[in-house]
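The next block is work.txt, given as compact mmCIF, C-alpha atoms and all ligand atoms.
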```txt
# COMPACT_ATOMS: atom_id res chain seq x y z
CA MET A 1 283.51 104.59 115.06
CA PRO A 2 284.52 100.89 114.84
CA GLN A 3 282.54 98.45 116.98
CA HIS A 4 284.26 95.65 118.91
CA GLY A 5 281.41 94.25 121.00
CA SER A 6 281.45 95.40 124.59
CA ARG A 7 285.23 95.88 124.77
CA PRO A 8 286.43 99.15 123.27
CA LEU A 9 289.86 99.02 121.69
CA THR A 10 292.26 101.70 122.81
CA ALA A 11 295.64 101.96 121.12
CA ILE A 12 298.66 104.07 121.96
CA TYR A 13 300.64 105.44 119.01
CA PRO A 14 303.96 106.36 120.65
CA GLY A 15 306.88 108.24 119.18
CA SER A 16 309.18 111.22 119.25
CA PHE A 17 307.21 113.11 116.55
CA ASP A 18 310.02 115.66 116.22
CA PRO A 19 308.36 116.80 114.06
CA LEU A 20 305.12 115.11 112.90
CA THR A 21 305.38 114.07 109.23
CA ASN A 22 302.81 113.16 106.57
CA GLY A 23 303.80 109.54 107.21
CA HIS A 24 302.81 109.85 110.89
CA LEU A 25 299.57 111.54 109.87
CA ASP A 26 298.78 108.70 107.46
CA LEU A 27 299.24 106.21 110.31
CA ILE A 28 297.05 108.27 112.66
CA ALA A 29 294.29 108.24 110.00
CA ARG A 30 294.59 104.46 109.58
CA GLY A 31 294.66 103.92 113.36
CA SER A 32 291.63 106.12 113.98
CA ARG A 33 289.61 103.99 111.55
CA LEU A 34 290.70 100.75 113.21
CA PHE A 35 290.51 101.54 116.93
CA ASP A 36 287.77 103.02 119.08
CA ARG A 37 290.28 105.38 120.66
CA LEU A 38 293.78 106.30 119.54
CA ILE A 39 296.16 108.09 121.89
CA VAL A 40 299.11 109.73 120.14
CA ALA A 41 301.74 109.76 122.90
CA ILE A 42 304.96 111.74 122.67
CA LEU A 43 307.93 110.50 124.64
CA SER A 44 309.26 113.26 126.85
CA ASN A 45 312.49 113.36 128.85
CA THR A 46 314.58 111.51 126.32
CA GLN A 47 318.35 111.97 126.14
CA LYS A 48 317.98 113.20 122.56
CA GLN A 49 318.09 116.98 122.05
CA PRO A 50 314.76 117.68 120.31
CA LEU A 51 314.19 120.26 117.60
CA PHE A 52 310.83 121.25 119.13
CA PRO A 53 309.93 121.24 122.84
CA ILE A 54 307.25 118.75 123.84
CA GLU A 55 304.45 121.34 124.15
CA GLU A 56 305.08 122.61 120.63
CA ARG A 57 305.12 119.06 119.22
CA MET A 58 301.81 118.35 120.98
CA GLN A 59 300.30 121.57 119.63
CA MET A 60 301.36 120.78 116.04
CA ILE A 61 299.75 117.33 116.29
CA ARG A 62 296.60 118.84 117.81
CA ASP A 63 296.40 121.43 115.02
CA THR A 64 296.75 118.68 112.40
CA THR A 65 294.46 116.01 113.84
CA SER A 66 291.57 117.99 115.37
CA HIS A 67 289.16 116.53 112.77
CA PHE A 68 289.64 112.99 114.15
CA GLU A 69 287.06 112.64 116.91
CA ASN A 70 288.62 109.57 118.54
CA VAL A 71 292.24 110.79 118.54
CA GLU A 72 293.80 112.22 121.70
CA ILE A 73 297.25 113.77 122.14
CA ASP A 74 299.33 113.14 125.25
CA SER A 75 302.92 112.85 126.44
CA PHE A 76 304.56 110.25 128.64
CA GLU A 77 307.73 109.56 130.59
CA GLY A 78 309.26 106.22 131.50
CA LEU A 79 308.37 102.84 130.07
CA LEU A 80 305.80 102.72 127.30
CA ILE A 81 304.11 99.60 128.68
CA ASP A 82 303.65 101.27 132.09
CA TYR A 83 302.04 104.23 130.35
CA ALA A 84 299.85 101.83 128.30
CA ALA A 85 298.74 100.15 131.54
CA ARG A 86 297.94 103.52 133.16
CA ARG A 87 295.83 104.50 130.14
CA GLY A 88 294.05 101.13 129.99
CA ALA A 89 295.27 100.55 126.43
CA ASN A 90 294.98 97.15 124.77
CA ALA A 91 297.40 97.87 121.97
CA ILE A 92 300.48 99.78 120.85
CA LEU A 93 300.42 100.97 117.26
CA ARG A 94 303.62 101.31 115.24
CA GLY A 95 304.21 101.96 111.56
CA ILE A 96 306.55 100.01 109.31
CA ARG A 97 307.90 101.80 106.25
CA ALA A 98 310.50 99.41 104.95
CA LEU A 99 312.43 96.31 105.96
CA SER A 100 314.96 98.55 107.72
CA ASP A 101 312.33 99.46 110.34
CA TYR A 102 311.55 95.84 111.07
CA GLU A 103 314.53 94.85 113.19
CA THR A 104 314.22 97.61 115.80
CA GLU A 105 310.44 97.33 115.83
CA LEU A 106 310.64 93.56 116.35
CA GLN A 107 312.99 94.02 119.32
CA MET A 108 310.82 96.66 120.93
CA ALA A 109 307.59 94.73 120.36
CA LEU A 110 309.01 91.49 121.79
CA LEU A 111 310.53 93.24 124.83
CA ASN A 112 307.27 95.08 125.45
CA ARG A 113 305.31 91.84 125.11
CA ARG A 114 307.62 90.07 127.56
CA MET A 115 307.17 92.90 130.05
CA ARG A 116 303.39 93.22 129.57
CA PRO A 117 301.84 90.30 127.63
CA GLU A 118 298.34 91.79 127.69
CA THR A 119 299.39 94.68 125.45
CA GLU A 120 299.73 93.66 121.79
CA THR A 121 301.83 95.67 119.37
CA ILE A 122 300.01 96.14 116.08
CA PHE A 123 301.95 97.17 112.99
CA LEU A 124 300.40 99.00 110.09
CA LEU A 125 302.14 99.67 106.80
CA SER A 126 302.38 103.34 106.05
CA GLY A 127 301.14 104.48 102.64
CA GLU A 128 303.85 103.73 100.07
CA GLU A 129 303.95 107.41 99.07
CA PHE A 130 305.23 108.16 102.59
CA SER A 131 307.63 105.25 102.92
CA PHE A 132 310.73 107.39 102.42
CA ILE A 133 309.82 110.16 104.89
CA SER A 134 311.48 110.34 108.30
CA SER A 135 311.64 113.10 110.94
CA ARG A 136 315.44 112.75 111.02
CA LEU A 137 315.85 113.49 107.31
CA ILE A 138 313.24 116.27 107.40
CA LYS A 139 315.36 117.95 110.08
CA GLU A 140 318.48 117.50 107.97
CA ILE A 141 316.86 118.97 104.85
CA ILE A 142 315.43 122.01 106.63
CA THR A 143 318.70 122.65 108.48
CA LEU A 144 320.49 122.70 105.13
CA GLY A 145 318.02 125.17 103.62
CA GLY A 146 315.77 122.75 101.70
CA ASP A 147 311.99 122.86 101.32
CA VAL A 148 310.09 120.22 103.29
CA SER A 149 306.54 121.47 102.75
CA THR A 150 305.47 118.39 100.75
CA PHE A 151 306.65 116.03 103.51
CA VAL A 152 304.96 117.52 106.57
CA PRO A 153 301.46 118.81 107.42
CA GLU A 154 300.95 122.57 106.95
CA PRO A 155 301.00 123.51 110.69
CA VAL A 156 304.40 121.80 110.94
CA ALA A 157 305.72 123.47 107.76
CA VAL A 158 304.68 126.87 109.16
CA ARG A 159 306.61 126.33 112.41
CA LEU A 160 309.63 124.94 110.58
CA ARG A 161 309.73 127.97 108.28
CA LYS A 162 309.46 130.28 111.29
CA LYS A 163 312.30 128.49 113.04
CA PHE A 164 314.62 128.38 110.07
CA SER A 165 313.79 131.52 108.09
CA PRO A 166 316.80 133.85 107.97
O1 LIG A 201 309.55 107.91 117.11
P1 LIG A 201 310.51 106.95 117.73
O2 LIG A 201 311.72 107.69 118.24
O3 LIG A 201 310.84 105.81 116.82
O4 LIG A 201 309.77 106.31 119.01
C1 LIG A 201 310.43 105.43 119.88
C2 LIG A 201 309.58 105.14 121.13
C3 LIG A 201 309.18 106.42 121.82
C4 LIG A 201 308.35 104.36 120.74
C5 LIG A 201 310.44 104.25 122.08
O5 LIG A 201 311.70 104.83 122.27
C6 LIG A 201 309.79 104.04 123.46
O6 LIG A 201 308.81 103.36 123.58
N1 LIG A 201 310.36 104.68 124.50
C7 LIG A 201 309.82 104.65 125.85
C8 LIG A 201 310.75 103.93 126.81
C9 LIG A 201 310.55 102.43 126.71
O7 LIG A 201 309.50 101.89 126.97
N2 LIG A 201 311.65 101.73 126.31
C10 LIG A 201 311.67 100.29 126.16
C11 LIG A 201 311.30 99.90 124.72
S1 LIG A 201 311.40 98.15 124.50
```
For the structure just supplied, provide its representation as structure tokens.
Amino acid sequence: MPQHGSRPLTAIYPGSFDPLTNGHLDLIARGSRLFDRLIVAILSNTQKQPLFPIEERMQMIRDTTSHFENVEIDSFEGLLIDYAARRGANAILRGIRALSDYETELQMALLNRRMRPETETIFLLSGEEFSFISSRLIKEIITLGGDVSTFVPEPVAVRLRKKFSP
């Protein structure tokens, strides 16, 4: 586990994770090496109609990340910075795949910093082999009958197949 003197670093990795992809998993692995504790937090109660209910998304992440000792799975409602404060987190972790992610991420990070300056947003670059993967496109491919098994962890592929097999 990384050492940061007497002050342990806790980061929240927030997202919709509908579903978890290999890109998300890559970021979780990077985050778990960097922080003392990493909380993967799924936003619940969004307006968006999810493919998987929150409990199923949490279970898929648990099944995929159980070998990381310092990674915890949780869900949250309301503002991310309020949740970060409740969990005593020092940082929010977000991944950047390409320039197209930057604009939205910049807006969110600056708004979050204005609302709660003590929480820093830390960006990590996802592995370049995952830079083209997104949950939105995975959903589109599987809905149209394509194979997504190389883009998502096995527990996710299993549930997707179950959901979409004829
Ligand atoms: O996986 P996503 O959909 O890109 O994740 C977006 C998420 C969950 C990080 C973002 O929508 C969020 O933080 N929502 C919580 C509500 C909130 O704090 N909104 C203000 C953001 S500046």
Once you count only C-alpha atoms and all ligand atoms, which residues end up within 7 Å of ligand LIG 201 (chain A), and could you hand them over as a ChimeraX atom specification? /A:14-17,42-43,78-81,107-109,111-112
Selection as a ChimeraX atom specification: residues within 9 Å of (309.6, 99.5, 104.5), counting all atoms listed in the file: /A:96-102,125-126,128,131-132
Select, counting only C-alpha atoms, all protein, DNA and RNA residues no farther than 10 Å from (306.5, 123.8, 119.1) in file coordinates, and express the selection as a PyMOL selection string. chain A and resi 18-19+51-61+156+159-160+163
Of the listed residues A:Gly95, A:Tyr13, A:Asp26, A:Arg136, that which approaches Lys48 (chain A) most closely, counting all atoms listed in the file: A:Arg136
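Candidate residues A:Ser32, A:Ser44, A:Ser135, A:Thr10 were compared for distance to Arg86 (chain A), and the nearest is A:Thr10, using only C-alpha atoms.
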For Phe164 (chain A), find every residue with an atom within 8 Å (counting all atoms listed in the file), except residues of its own chain fewer than 3 positions away, and show them as a ChimeraX atom specification. /A:142-143,145,160-161
Computed gap from CA of Glu72 (chain A) to CA of Leu110 (chain A) is 25.7 Å
When you draw a straight line from CA of Ile92 (chain A) to CA of Glu118 (chain A), how long is it in Å? 10.7 Å
To one decimal place in Å, what is the distance between CA of His24 (chain A) and CA of Ala11 (chain A)?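 These two atoms are separated by 14.8 Å.
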Residue among A:Thr46, A:Met115, A:Lys162, A:Thr150 lying closest to Phe130 (chain A), counting only C-alpha atoms: A:Thr150
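For the residues A:Leu34, A:Arg116, A:Ser165, A:Leu25, ranking by smallest atom-to-atom distance to Ala85 (chain A) using only C-alpha atoms places A:Arg116 first.
Distances from A:Glu77, A:Asp63, A:Glu140, A:Glu69 to Arg37 (chain A) were compared using only C-alpha atoms, and the smallest one belongs to A:Glu69.
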Tell me which of A:Leu137, A:Phe76, A:Asn70, A:Phe151 sits closest to Arg30 (chain A), counting all atoms listed in the file.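 Between A:Leu137, A:Phe76, A:Asn70, A:Phe151, the residue approaching Arg30 (chain A) most closely is A:Asn70.
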Reconstruct N, CA and C atoms of region 40-73 of chain A; output as a PDB file, in the frame of the given file.
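Ended up saving to selection39.pdb:
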```pdb
ATOM      1  N   VAL A  40     297.786 109.420 120.683  1.00  0.00           N
ATOM      2  CA  VAL A  40     299.110 109.730 120.140  1.00  0.00           C
ATOM      3  C   VAL A  40     299.941 110.219 121.321  1.00  0.00           C
ATOM      4  N   ALA A  41     300.989 109.470 121.672  1.00  0.00           N
ATOM      5  CA  ALA A  41     301.740 109.760 122.900  1.00  0.00           C
ATOM      6  C   ALA A  41     303.192 110.083 122.582  1.00  0.00           C
ATOM      7  N   ILE A  42     303.596 111.297 122.954  1.00  0.00           N
ATOM      8  CA  ILE A  42     304.960 111.740 122.670  1.00  0.00           C
ATOM      9  C   ILE A  42     305.855 111.441 123.864  1.00  0.00           C
ATOM     10  N   LEU A  43     306.968 110.792 123.574  1.00  0.00           N
ATOM     11  CA  LEU A  43     307.930 110.500 124.640  1.00  0.00           C
ATOM     12  C   LEU A  43     308.628 111.777 125.072  1.00  0.00           C
ATOM     13  N   SER A  44     308.531 112.086 126.361  1.00  0.00           N
ATOM     14  CA  SER A  44     309.260 113.260 126.850  1.00  0.00           C
ATOM     15  C   SER A  44     310.430 112.789 127.696  1.00  0.00           C
ATOM     16  N   ASN A  45     311.326 113.692 128.015  1.00  0.00           N
ATOM     17  CA  ASN A  45     312.490 113.360 128.850  1.00  0.00           C
ATOM     18  C   ASN A  45     313.420 112.333 128.219  1.00  0.00           C
ATOM     19  N   THR A  46     313.609 112.421 126.915  1.00  0.00           N
ATOM     20  CA  THR A  46     314.580 111.510 126.320  1.00  0.00           C
ATOM     21  C   THR A  46     315.955 112.177 126.362  1.00  0.00           C
ATOM     22  N   GLN A  47     316.990 111.415 126.146  1.00  0.00           N
ATOM     23  CA  GLN A  47     318.350 111.970 126.140  1.00  0.00           C
ATOM     24  C   GLN A  47     318.559 112.845 124.908  1.00  0.00           C
ATOM     25  N   LYS A  48     317.802 112.484 123.830  1.00  0.00           N
ATOM     26  CA  LYS A  48     317.980 113.200 122.560  1.00  0.00           C
ATOM     27  C   LYS A  48     317.645 114.687 122.725  1.00  0.00           C
ATOM     28  N   GLN A  49     318.391 115.557 122.041  1.00  0.00           N
ATOM     29  CA  GLN A  49     318.090 116.980 122.050  1.00  0.00           C
ATOM     30  C   GLN A  49     317.051 117.244 120.965  1.00  0.00           C
ATOM     31  N   PRO A  50     315.781 117.536 121.343  1.00  0.00           N
ATOM     32  CA  PRO A  50     314.760 117.680 120.310  1.00  0.00           C
ATOM     33  C   PRO A  50     314.829 119.012 119.577  1.00  0.00           C
ATOM     34  N   LEU A  51     314.283 119.017 118.370  1.00  0.00           N
ATOM     35  CA  LEU A  51     314.190 120.260 117.600  1.00  0.00           C
ATOM     36  C   LEU A  51     313.099 121.145 118.211  1.00  0.00           C
ATOM     37  N   PHE A  52     311.954 120.508 118.541  1.00  0.00           N
ATOM     38  CA  PHE A  52     310.830 121.250 119.130  1.00  0.00           C
ATOM     39  C   PHE A  52     310.582 120.758 120.550  1.00  0.00           C
ATOM     40  N   PRO A  53     310.305 121.683 121.495  1.00  0.00           N
ATOM     41  CA  PRO A  53     309.930 121.240 122.840  1.00  0.00           C
ATOM     42  C   PRO A  53     308.622 120.458 122.800  1.00  0.00           C
ATOM     43  N   ILE A  54     308.398 119.676 123.826  1.00  0.00           N
ATOM     44  CA  ILE A  54     307.250 118.750 123.840  1.00  0.00           C
ATOM     45  C   ILE A  54     305.912 119.460 123.624  1.00  0.00           C
ATOM     46  N   GLU A  55     305.735 120.626 124.269  1.00  0.00           N
ATOM     47  CA  GLU A  55     304.450 121.340 124.150  1.00  0.00           C
ATOM     48  C   GLU A  55     304.176 121.750 122.708  1.00  0.00           C
ATOM     49  N   GLU A  56     305.239 122.173 122.029  1.00  0.00           N
ATOM     50  CA  GLU A  56     305.080 122.610 120.630  1.00  0.00           C
ATOM     51  C   GLU A  56     304.770 121.410 119.728  1.00  0.00           C
ATOM     52  N   ARG A  57     305.419 120.274 120.003  1.00  0.00           N
ATOM     53  CA  ARG A  57     305.120 119.060 119.220  1.00  0.00           C
ATOM     54  C   ARG A  57     303.671 118.635 119.435  1.00  0.00           C
ATOM     55  N   MET A  58     303.206 118.722 120.695  1.00  0.00           N
ATOM     56  CA  MET A  58     301.810 118.350 120.980  1.00  0.00           C
ATOM     57  C   MET A  58     300.858 119.296 120.245  1.00  0.00           C
ATOM     58  N   GLN A  59     301.180 120.593 120.263  1.00  0.00           N
ATOM     59  CA  GLN A  59     300.300 121.570 119.630  1.00  0.00           C
ATOM     60  C   GLN A  59     300.213 121.345 118.116  1.00  0.00           C
ATOM     61  N   MET A  60     301.360 121.025 117.490  1.00  0.00           N
ATOM     62  CA  MET A  60     301.360 120.780 116.040  1.00  0.00           C
ATOM     63  C   MET A  60     300.501 119.563 115.695  1.00  0.00           C
ATOM     64  N   ILE A  61     300.558 118.527 116.558  1.00  0.00           N
ATOM     65  CA  ILE A  61     299.750 117.330 116.290  1.00  0.00           C
ATOM     66  C   ILE A  61     298.267 117.648 116.506  1.00  0.00           C
ATOM     67  N   ARG A  62     297.993 118.417 117.567  1.00  0.00           N
ATOM     68  CA  ARG A  62     296.600 118.840 117.810  1.00  0.00           C
ATOM     69  C   ARG A  62     296.060 119.627 116.610  1.00  0.00           C
ATOM     70  N   ASP A  63     296.839 120.590 116.137  1.00  0.00           N
ATOM     71  CA  ASP A  63     296.400 121.430 115.020  1.00  0.00           C
ATOM     72  C   ASP A  63     296.120 120.594 113.773  1.00  0.00           C
ATOM     73  N   THR A  64     296.861 119.495 113.606  1.00  0.00           N
ATOM     74  CA  THR A  64     296.750 118.680 112.400  1.00  0.00           C
ATOM     75  C   THR A  64     295.670 117.619 112.491  1.00  0.00           C
ATOM     76  N   THR A  65     295.341 117.182 113.726  1.00  0.00           N
ATOM     77  CA  THR A  65     294.460 116.010 113.840  1.00  0.00           C
ATOM     78  C   THR A  65     293.109 116.336 114.503  1.00  0.00           C
ATOM     79  N   SER A  66     292.789 117.623 114.628  1.00  0.00           N
ATOM     80  CA  SER A  66     291.570 117.990 115.370  1.00  0.00           C
ATOM     81  C   SER A  66     290.296 117.437 114.725  1.00  0.00           C
ATOM     82  N   HIS A  67     290.363 117.063 113.427  1.00  0.00           N
ATOM     83  CA  HIS A  67     289.160 116.530 112.770  1.00  0.00           C
ATOM     84  C   HIS A  67     288.921 115.046 113.081  1.00  0.00           C
ATOM     85  N   PHE A  68     289.869 114.386 113.746  1.00  0.00           N
ATOM     86  CA  PHE A  68     289.640 112.990 114.150  1.00  0.00           C
ATOM     87  C   PHE A  68     289.029 112.980 115.541  1.00  0.00           C
ATOM     88  N   GLU A  69     287.768 112.539 115.624  1.00  0.00           N
ATOM     89  CA  GLU A  69     287.060 112.640 116.910  1.00  0.00           C
ATOM     90  C   GLU A  69     287.598 111.701 117.976  1.00  0.00           C
ATOM     91  N   ASN A  70     288.177 110.561 117.549  1.00  0.00           N
ATOM     92  CA  ASN A  70     288.620 109.570 118.540  1.00  0.00           C
ATOM     93  C   ASN A  70     290.135 109.588 118.750  1.00  0.00           C
ATOM     94  N   VAL A  71     290.781 110.677 118.364  1.00  0.00           N
ATOM     95  CA  VAL A  71     292.240 110.790 118.540  1.00  0.00           C
ATOM     96  C   VAL A  71     292.549 111.800 119.637  1.00  0.00           C
ATOM     97  N   GLU A  72     293.411 111.367 120.565  1.00  0.00           N
ATOM     98  CA  GLU A  72     293.800 112.220 121.700  1.00  0.00           C
ATOM     99  C   GLU A  72     295.321 112.392 121.682  1.00  0.00           C
ATOM    100  N   ILE A  73     295.799 113.527 122.125  1.00  0.00           N
ATOM    101  CA  ILE A  73     297.250 113.770 122.140  1.00  0.00           C
ATOM    102  C   ILE A  73     297.725 113.845 123.590  1.00  0.00           C
TER     103      ILE A  73
END
```
